[in-house]
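Engineer: Input file: my_file_19.txt. Contents: compact mmCIF, C-alpha atoms and all ligand atoms.
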# COMPACT_ATOMS: atom_id res chain seq x y z
CA MET A 1 0.00 0.00 0.00
CA VAL A 2 1.25 3.46 -0.88
CA LYS A 3 1.89 5.62 2.18
CA ILE A 4 2.91 9.21 1.57
CA PHE A 5 4.27 11.61 4.20
CA GLU A 6 3.49 15.22 3.26
CA THR A 7 6.24 17.09 5.13
CA HIS A 8 5.30 20.72 4.44
CA ALA A 9 1.88 22.27 3.87
CA HIS A 10 -0.20 25.24 5.03
CA TYR A 11 -3.77 23.97 5.41
CA ASP A 12 -4.58 26.88 7.73
CA ASP A 13 -4.24 29.15 4.67
CA GLU A 14 -7.38 31.01 3.62
CA ALA A 15 -7.09 29.38 0.19
CA PHE A 16 -8.65 26.32 1.90
CA ASP A 17 -11.42 28.15 3.77
CA ASP A 18 -14.20 26.86 1.52
CA ASP A 19 -13.31 23.17 1.38
CA ARG A 20 -10.56 22.44 3.92
CA ASP A 21 -12.32 19.54 5.65
CA ALA A 22 -13.46 17.95 2.41
CA ILE A 23 -9.92 17.98 1.02
CA ILE A 24 -8.32 16.64 4.19
CA GLU A 25 -10.90 13.89 4.66
CA ASN A 26 -9.95 12.57 1.22
CA PHE A 27 -6.25 12.26 1.95
CA LYS A 28 -6.02 8.66 3.13
CA GLU A 29 -7.82 7.53 0.01
CA LYS A 30 -5.05 9.30 -1.96
CA GLY A 31 -2.28 7.68 0.08
CA ILE A 32 -1.55 10.70 2.28
CA PHE A 33 -1.22 9.16 5.75
CA ALA A 34 0.73 11.92 7.52
CA VAL A 35 0.88 15.69 7.07
CA THR A 36 3.02 18.30 8.80
CA ASN A 37 1.30 21.66 8.84
CA ILE A 38 3.82 24.47 9.03
CA GLY A 39 3.42 27.73 10.94
CA ALA A 40 4.57 30.95 9.29
CA ASP A 41 3.59 33.53 11.92
CA ILE A 42 1.90 33.61 15.35
CA ASN A 43 -1.61 33.22 13.92
CA SER A 44 -0.81 30.37 11.58
CA SER A 45 1.10 28.63 14.37
CA GLU A 46 -2.04 28.83 16.52
CA ASN A 47 -4.14 27.56 13.62
CA THR A 48 -1.65 24.73 13.16
CA LEU A 49 -2.37 23.69 16.76
CA ASN A 50 -6.09 23.68 15.97
CA LEU A 51 -5.53 21.48 12.91
CA ILE A 52 -3.46 18.89 14.77
CA LYS A 53 -6.12 18.76 17.46
CA LYS A 54 -8.75 18.06 14.83
CA TYR A 55 -6.85 15.53 12.66
CA ASP A 56 -4.89 12.77 14.36
CA PHE A 57 -2.64 12.20 11.31
CA PHE A 58 -1.55 15.86 11.31
CA TYR A 59 1.68 17.04 12.90
CA GLY A 60 2.69 20.65 13.43
CA ALA A 61 5.63 23.00 13.16
CA ILE A 62 5.57 26.21 15.18
CA GLY A 63 7.58 29.18 13.95
CA VAL A 64 7.81 32.48 12.14
CA HIS A 65 8.81 32.86 8.49
CA PRO A 66 11.57 35.41 7.75
CA SER A 67 9.15 37.67 5.85
CA ASP A 68 6.76 37.71 8.84
CA VAL A 69 9.15 38.46 11.72
CA ASP A 70 7.38 41.79 12.34
CA CYS A 71 4.76 39.77 14.25
CA LEU A 72 7.47 38.95 16.80
CA GLU A 73 8.56 42.58 17.09
CA VAL A 74 4.99 43.52 18.03
CA PHE A 75 5.57 41.91 21.46
CA GLY A 76 8.06 44.70 22.18
CA ASP A 77 9.94 42.13 24.27
CA ASP A 78 12.08 39.45 22.57
CA ILE A 79 11.96 37.09 25.54
CA LYS A 80 8.17 37.26 25.70
CA ALA A 81 7.94 36.62 21.94
CA ILE A 82 10.10 33.49 22.18
CA LYS A 83 8.22 32.32 25.28
CA THR A 84 4.99 32.54 23.30
CA LEU A 85 6.41 30.29 20.57
CA GLU A 86 7.84 27.97 23.19
CA ALA A 87 4.48 27.58 24.95
CA MET A 88 2.81 26.73 21.64
CA ALA A 89 5.55 24.24 20.74
CA MET A 90 5.22 22.53 24.15
CA SER A 91 1.42 22.39 24.09
CA SER A 92 1.16 19.15 22.07
CA ASP A 93 3.40 16.14 21.51
CA ARG A 94 2.38 16.31 17.87
CA VAL A 95 4.35 19.53 17.46
CA VAL A 96 7.38 17.99 15.77
CA ALA A 97 9.47 20.95 14.59
CA ILE A 98 10.23 24.65 14.80
CA GLY A 99 9.47 26.33 11.48
CA GLU A 100 9.36 27.66 9.07
CA ILE A 101 12.28 29.90 9.96
CA GLY A 102 15.19 31.30 7.97
CA LEU A 103 16.14 34.07 5.57
CA ASP A 104 14.36 35.47 2.52
CA TYR A 105 16.20 38.22 0.63
CA HIS A 106 13.92 38.07 -2.39
CA TYR A 107 12.32 41.47 -1.83
CA GLU A 108 14.32 44.68 -2.02
CA ASP A 109 13.01 46.17 1.24
CA THR A 110 14.22 43.17 3.27
CA ASP A 111 15.41 43.99 6.80
CA LYS A 112 18.33 41.54 6.87
CA PRO A 113 19.52 42.17 10.45
CA LEU A 114 15.96 41.66 11.75
CA GLN A 115 15.61 38.36 9.85
CA GLU A 116 18.97 37.23 11.16
CA LYS A 117 18.04 38.04 14.75
CA TRP A 118 14.88 35.92 14.68
CA PHE A 119 16.48 33.13 12.68
CA ARG A 120 19.13 32.81 15.39
CA LYS A 121 16.64 33.05 18.26
CA GLN A 122 14.37 30.39 16.73
CA LEU A 123 17.32 28.08 16.03
CA GLU A 124 18.27 28.50 19.66
CA LEU A 125 14.71 27.67 20.73
CA ALA A 126 14.72 24.51 18.61
CA GLY A 127 18.03 23.45 20.15
CA ARG A 128 16.64 23.99 23.63
CA LEU A 129 13.42 22.05 22.91
CA LYS A 130 15.32 19.35 21.01
CA LEU A 131 13.10 19.77 17.95
CA PRO A 132 14.36 19.77 14.34
CA VAL A 133 13.95 22.93 12.24
CA VAL A 134 12.14 23.57 8.96
CA ILE A 135 14.28 26.14 7.15
CA HIS A 136 13.04 28.54 4.49
CA SER A 137 15.94 30.09 2.58
CA ARG A 138 15.52 32.14 -0.58
CA ASP A 139 18.24 34.19 -2.32
CA ALA A 140 20.24 33.94 0.90
CA ALA A 141 22.40 30.80 0.65
CA ALA A 142 25.68 32.16 2.03
CA ASP A 143 24.14 33.89 5.07
CA THR A 144 21.95 30.85 5.79
CA VAL A 145 24.98 28.58 5.86
CA ASP A 146 26.98 31.04 8.02
CA ILE A 147 24.21 31.41 10.60
CA MET A 148 23.48 27.67 10.70
CA LYS A 149 27.17 26.95 11.27
CA SER A 150 27.54 29.53 14.01
CA GLU A 151 24.37 28.23 15.75
CA HIS A 152 25.54 24.59 15.42
CA ALA A 153 22.51 23.60 13.39
CA GLU A 154 24.16 20.25 12.71
CA ALA A 155 23.27 19.33 16.30
CA ILE A 156 19.64 20.42 15.77
CA GLY A 157 18.86 18.79 12.42
CA GLY A 158 16.00 19.43 10.05
CA VAL A 159 15.20 20.19 6.44
CA ILE A 160 15.93 22.89 3.88
CA HIS A 161 12.41 23.13 2.58
CA CYS A 162 11.57 23.86 -1.06
CA TYR A 163 15.24 23.55 -1.89
CA SER A 164 16.23 26.12 -4.53
CA TYR A 165 20.04 26.31 -4.58
CA SER A 166 22.72 24.37 -6.47
CA TRP A 167 23.96 20.84 -5.88
CA GLU A 168 27.26 22.36 -4.65
CA THR A 169 25.37 24.18 -1.88
CA ALA A 170 23.22 21.12 -1.14
CA LYS A 171 26.40 19.23 -0.23
CA ILE A 172 27.04 21.74 2.58
CA PHE A 173 23.54 21.17 4.02
CA LEU A 174 23.86 17.39 3.65
CA ASP A 175 27.19 17.55 5.49
CA MET A 176 25.33 19.28 8.34
CA ASP A 177 22.96 16.27 8.40
CA PHE A 178 20.03 18.21 6.94
CA TYR A 179 17.40 16.83 4.59
CA ILE A 180 16.45 18.38 1.24
CA GLY A 181 12.74 19.20 0.78
CA VAL A 182 11.51 18.60 -2.78
CA GLY A 183 8.18 19.75 -4.21
CA GLY A 184 6.43 20.95 -7.36
CA VAL A 185 9.37 22.99 -8.70
CA LEU A 186 10.95 19.67 -9.71
CA THR A 187 8.34 19.37 -12.49
CA PHE A 188 8.79 22.93 -13.79
CA LYS A 189 10.54 23.65 -17.09
CA ASN A 190 12.95 25.91 -15.19
CA GLY A 191 13.57 23.30 -12.47
CA ARG A 192 16.83 22.07 -13.99
CA LYS A 193 18.98 23.04 -11.00
CA LEU A 194 16.69 21.14 -8.61
CA ARG A 195 16.67 18.09 -10.91
CA GLU A 196 20.48 18.08 -10.79
CA THR A 197 20.37 18.26 -6.98
CA VAL A 198 17.86 15.41 -6.80
CA LEU A 199 19.99 13.30 -9.12
CA HIS A 200 22.99 13.57 -6.78
CA THR A 201 21.27 13.66 -3.38
CA PRO A 202 20.92 10.20 -1.80
CA LEU A 203 17.25 9.18 -1.66
CA ASP A 204 17.51 8.69 2.08
CA ARG A 205 18.05 12.46 2.48
CA ILE A 206 15.06 13.66 0.44
CA LEU A 207 11.64 14.64 1.84
CA LEU A 208 8.44 14.97 -0.20
CA GLU A 209 6.54 18.23 0.30
CA THR A 210 4.10 20.51 -1.47
CA ASP A 211 4.13 23.91 0.31
CA SER A 212 0.37 23.88 -0.38
CA PRO A 213 -1.43 26.03 -1.37
CA TYR A 214 1.65 27.21 -3.29
CA LEU A 215 3.89 25.68 -5.96
CA ALA A 216 1.56 23.15 -7.55
CA PRO A 217 3.44 20.73 -9.83
CA GLU A 218 2.87 20.41 -13.57
CA PRO A 219 0.21 19.98 -14.96
CA TYR A 220 -1.37 22.15 -12.24
CA ARG A 221 1.30 24.88 -12.10
CA GLY A 222 -0.24 28.19 -11.02
CA LYS A 223 -3.32 26.55 -9.50
CA ARG A 224 -3.98 25.82 -5.83
CA ASN A 225 -1.75 23.01 -4.64
CA ASN A 226 -2.70 20.18 -2.26
CA SER A 227 -1.00 17.04 -0.96
CA ALA A 228 -2.86 14.75 -3.38
CA TYR A 229 -0.55 16.13 -6.12
CA ILE A 230 2.56 14.66 -4.47
CA PRO A 231 2.63 11.68 -6.90
CA TYR A 232 3.65 14.07 -9.72
CA VAL A 233 6.74 14.96 -7.72
CA ALA A 234 7.44 11.38 -6.60
CA GLU A 235 7.23 10.17 -10.20
CA ALA A 236 9.65 12.89 -11.29
CA ILE A 237 12.13 11.79 -8.59
CA ALA A 238 11.77 8.15 -9.66
CA GLY A 239 12.40 9.13 -13.30
CA ILE A 240 15.50 11.20 -12.47
CA LYS A 241 17.00 8.49 -10.27
CA GLY A 242 15.92 5.54 -12.43
CA ILE A 243 14.13 3.82 -9.54
CA SER A 244 10.55 2.76 -8.83
CA VAL A 245 8.06 5.24 -7.46
CA ASP A 246 7.27 2.79 -4.65
CA GLU A 247 10.87 3.04 -3.50
CA VAL A 248 10.52 6.83 -3.47
CA TYR A 249 7.39 6.62 -1.29
CA GLU A 250 8.83 4.08 1.10
CA THR A 251 12.22 5.74 1.60
CA THR A 252 10.86 9.29 1.90
CA TRP A 253 8.24 8.05 4.39
CA ASN A 254 11.02 6.60 6.55
CA ASN A 255 13.04 9.81 6.15
CA ALA A 256 10.15 11.95 7.40
CA VAL A 257 9.43 9.63 10.33
CA LYS A 258 13.10 9.81 11.29
CA MET A 259 13.51 13.57 10.87
CA TYR A 260 10.28 14.55 12.64
CA ARG A 261 10.88 11.75 15.20
CA VAL A 262 7.35 10.49 14.78
CA ASN A 263 6.28 7.16 16.17
CA ASP A 264 4.91 5.61 12.98
CA LYS A 265 3.22 2.78 14.83
CA ASN A 266 0.56 5.37 15.60
CA ILE A 267 -0.05 6.19 11.94
NI NI A 301 5.93 26.95 3.48
As structure tokens, how would this structure be written, given the file I've shared?
Ligand code: NI
Structural biologist:
Amino acid sequence: MVKIFETHAHYDDEAFDDDRDAIIENFKEKGIFAVTNIGADINSSENTLNLIKKYDFFYGAIGVHPSDVDCLEVFGDDIKAIKTLEAMAMSSDRVVAIGEIGLDYHYEDTDKPLQEKWFRKQLELAGRLKLPVVIHSRDAAADTVDIMKSEHAEAIGGVIHCYSYSWETAKIFLDMDFYIGVGGVLTFKNGRKLRETVLHTPLDRILLETDSPYLAPEPYRGKRNNSAYIPYVAEAIAGIKGISVDEVYETTWNNAVKMYRVNDKNI
């Protein structure tokens, strides 16, 4: 039986407001037996907790995305802001990671020092709670590596989600014992760099993800994404590596169970 672990999705997103329950209730029929819903700010972290309460095959990540760190500044007290995240992360044993956290230099008005501050503080929190991290890194490879090294991220572990850099850079993350998150971009015409990374990255270091509602794979590119589209990505990985799609499902399932430290006897 096919068992797929969706390692990165945002089902709290308003894009699912009209049919969230209907979509989620269909997942097991589509082979989706575990989902990690990822927080991106305080609100979505709270909504992640609500989702994992409602669905027993949902896991959660609590954290603030680099483009949303203003919501942590609003506390006016860094310690209080981190304590708030910590309390959320400790509130359920199905919170399995801190994330998504990181750096995103895509937009010109980026406040780099502010992103760095909260990236470091959330890495520190993950280390303290002994939870892996889900890292978002866009147009910021060098600074991401520098900060991860100085915060000893290799002792924390986690995934570089929606991996977008070169194979050369991937080797640095793999050396730090991180996983590479692979989603819809793999099927895009301009996904050549990611296909090269997937070719060289050992299968036992790859996680399947969607980033739903974003980044739907071909032939749904531009439309709303959901975890039932993961087979398009899994088939692309199988094609690139010359292996069976069942091997992709089985190995990536084990990878996700190991990284998120989930007891898969409960799934
Ligand atoms: Ni995401």
Engineer: If the limit is 7 Å from any atom of ligand NI 301 (chain A), counting only C-alpha atoms and all ligand atoms, which residues qualify? Return them as number ranges by chain.
Structural biologist: A: 8-10, 38, 100, 211
Engineer: Of the candidates A:Phe75, A:Phe173, A:Tyr59, A:Phe188, which shows the shortest atom-to-atom distance to Asp146 of chain A, using only C-alpha atoms?
Structural biologist: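 Closest candidate: A:Phe173.
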Engineer: I'd like to know which of A:Val133, A:Leu51, A:Val233, A:Ala238 is closest to Pro219 of chain A, using all atoms listed in the file.
Structural biologist: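 Answer, going by the shortest atom-to-atom distance: A:Val233.
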Engineer: Could you please determine the separation between atom CA of Asn254 of chain A and atom CA of Asn37 of chain A in Å, to one decimal place?
Structural biologist: 18.1 Å
Engineer: Rank A:Ile147, A:Ile98, A:Ala153, A:Ala142 by their smallest atom-to-atom distance to Tyr260 of chain A, using only C-alpha atoms, and report the top residue only.
Structural biologist: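 For Tyr260 of chain A, the nearest of the given residues is A:Ile98.
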Engineer: In Å, with one decimal, what is the gap from atom CA of Leu125 of chain A to atom CA of Leu103 of chain A?
Structural biologist: 16.5 Å
Engineer: So what do you get for atom CA of Thr210 of chain A versus atom CA of Trp118 of chain A, distance-wise?
Structural biologist: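 Calculated distance between atom CA of Thr210 of chain A and atom CA of Trp118 of chain A is 24.8 Å.
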Engineer: Please fill the gaps in segment 197-214 of chain A so it has N, CA and C atoms, and write that as a short mmCIF file (atom, residue, chain, number, x, y, z; two decimals), in the frame of the given file.
Structural biologist:
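Wrote part_4.cif, looks like this:
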data_model
loop_
_atom_site.label_atom_id
_atom_site.label_comp_id
_atom_site.auth_asym_id
_atom_site.auth_seq_id
_atom_site.Cartn_x
_atom_site.Cartn_y
_atom_site.Cartn_z
N THR A 197 20.18 18.53 -8.41
CA THR A 197 20.37 18.26 -6.98
C THR A 197 19.75 16.92 -6.60
N VAL A 198 18.54 16.66 -7.12
CA VAL A 198 17.86 15.41 -6.80
C VAL A 198 18.63 14.21 -7.35
N LEU A 199 19.22 14.38 -8.53
CA LEU A 199 19.99 13.30 -9.12
C LEU A 199 21.13 12.88 -8.19
N HIS A 200 21.80 13.87 -7.58
CA HIS A 200 22.99 13.57 -6.78
C HIS A 200 22.69 13.31 -5.31
N THR A 201 21.56 13.82 -4.81
CA THR A 201 21.27 13.66 -3.38
C THR A 201 20.79 12.24 -3.10
N PRO A 202 21.39 11.56 -2.11
CA PRO A 202 20.92 10.20 -1.80
C PRO A 202 19.42 10.23 -1.44
N LEU A 203 18.70 9.21 -1.90
CA LEU A 203 17.25 9.18 -1.66
C LEU A 203 16.93 9.24 -0.17
N ASP A 204 17.81 8.70 0.65
CA ASP A 204 17.51 8.69 2.08
C ASP A 204 17.73 10.05 2.76
N ARG A 205 17.95 11.10 1.94
CA ARG A 205 18.05 12.46 2.48
C ARG A 205 17.04 13.40 1.83
N ILE A 206 16.06 12.84 1.13
CA ILE A 206 15.06 13.66 0.44
C ILE A 206 13.71 13.52 1.14
N LEU A 207 13.01 14.67 1.31
CA LEU A 207 11.64 14.64 1.84
C LEU A 207 10.68 15.13 0.76
N LEU A 208 9.49 14.52 0.72
CA LEU A 208 8.44 14.97 -0.20
C LEU A 208 7.63 16.07 0.49
N GLU A 209 7.34 17.13 -0.26
CA GLU A 209 6.54 18.23 0.30
C GLU A 209 5.79 18.92 -0.82
N THR A 210 4.78 19.72 -0.44
CA THR A 210 4.10 20.51 -1.47
C THR A 210 4.24 22.02 -1.27
N ASP A 211 4.28 22.49 0.00
CA ASP A 211 4.13 23.91 0.31
C ASP A 211 2.73 24.40 -0.09
N SER A 212 1.76 23.49 -0.06
CA SER A 212 0.37 23.88 -0.38
C SER A 212 -0.05 25.05 0.49
N PRO A 213 -0.78 26.02 -0.06
CA PRO A 213 -1.43 26.03 -1.37
C PRO A 213 -0.54 26.50 -2.53
N TYR A 214 0.76 26.67 -2.26
CA TYR A 214 1.65 27.21 -3.29
C TYR A 214 2.33 26.10 -4.09
#
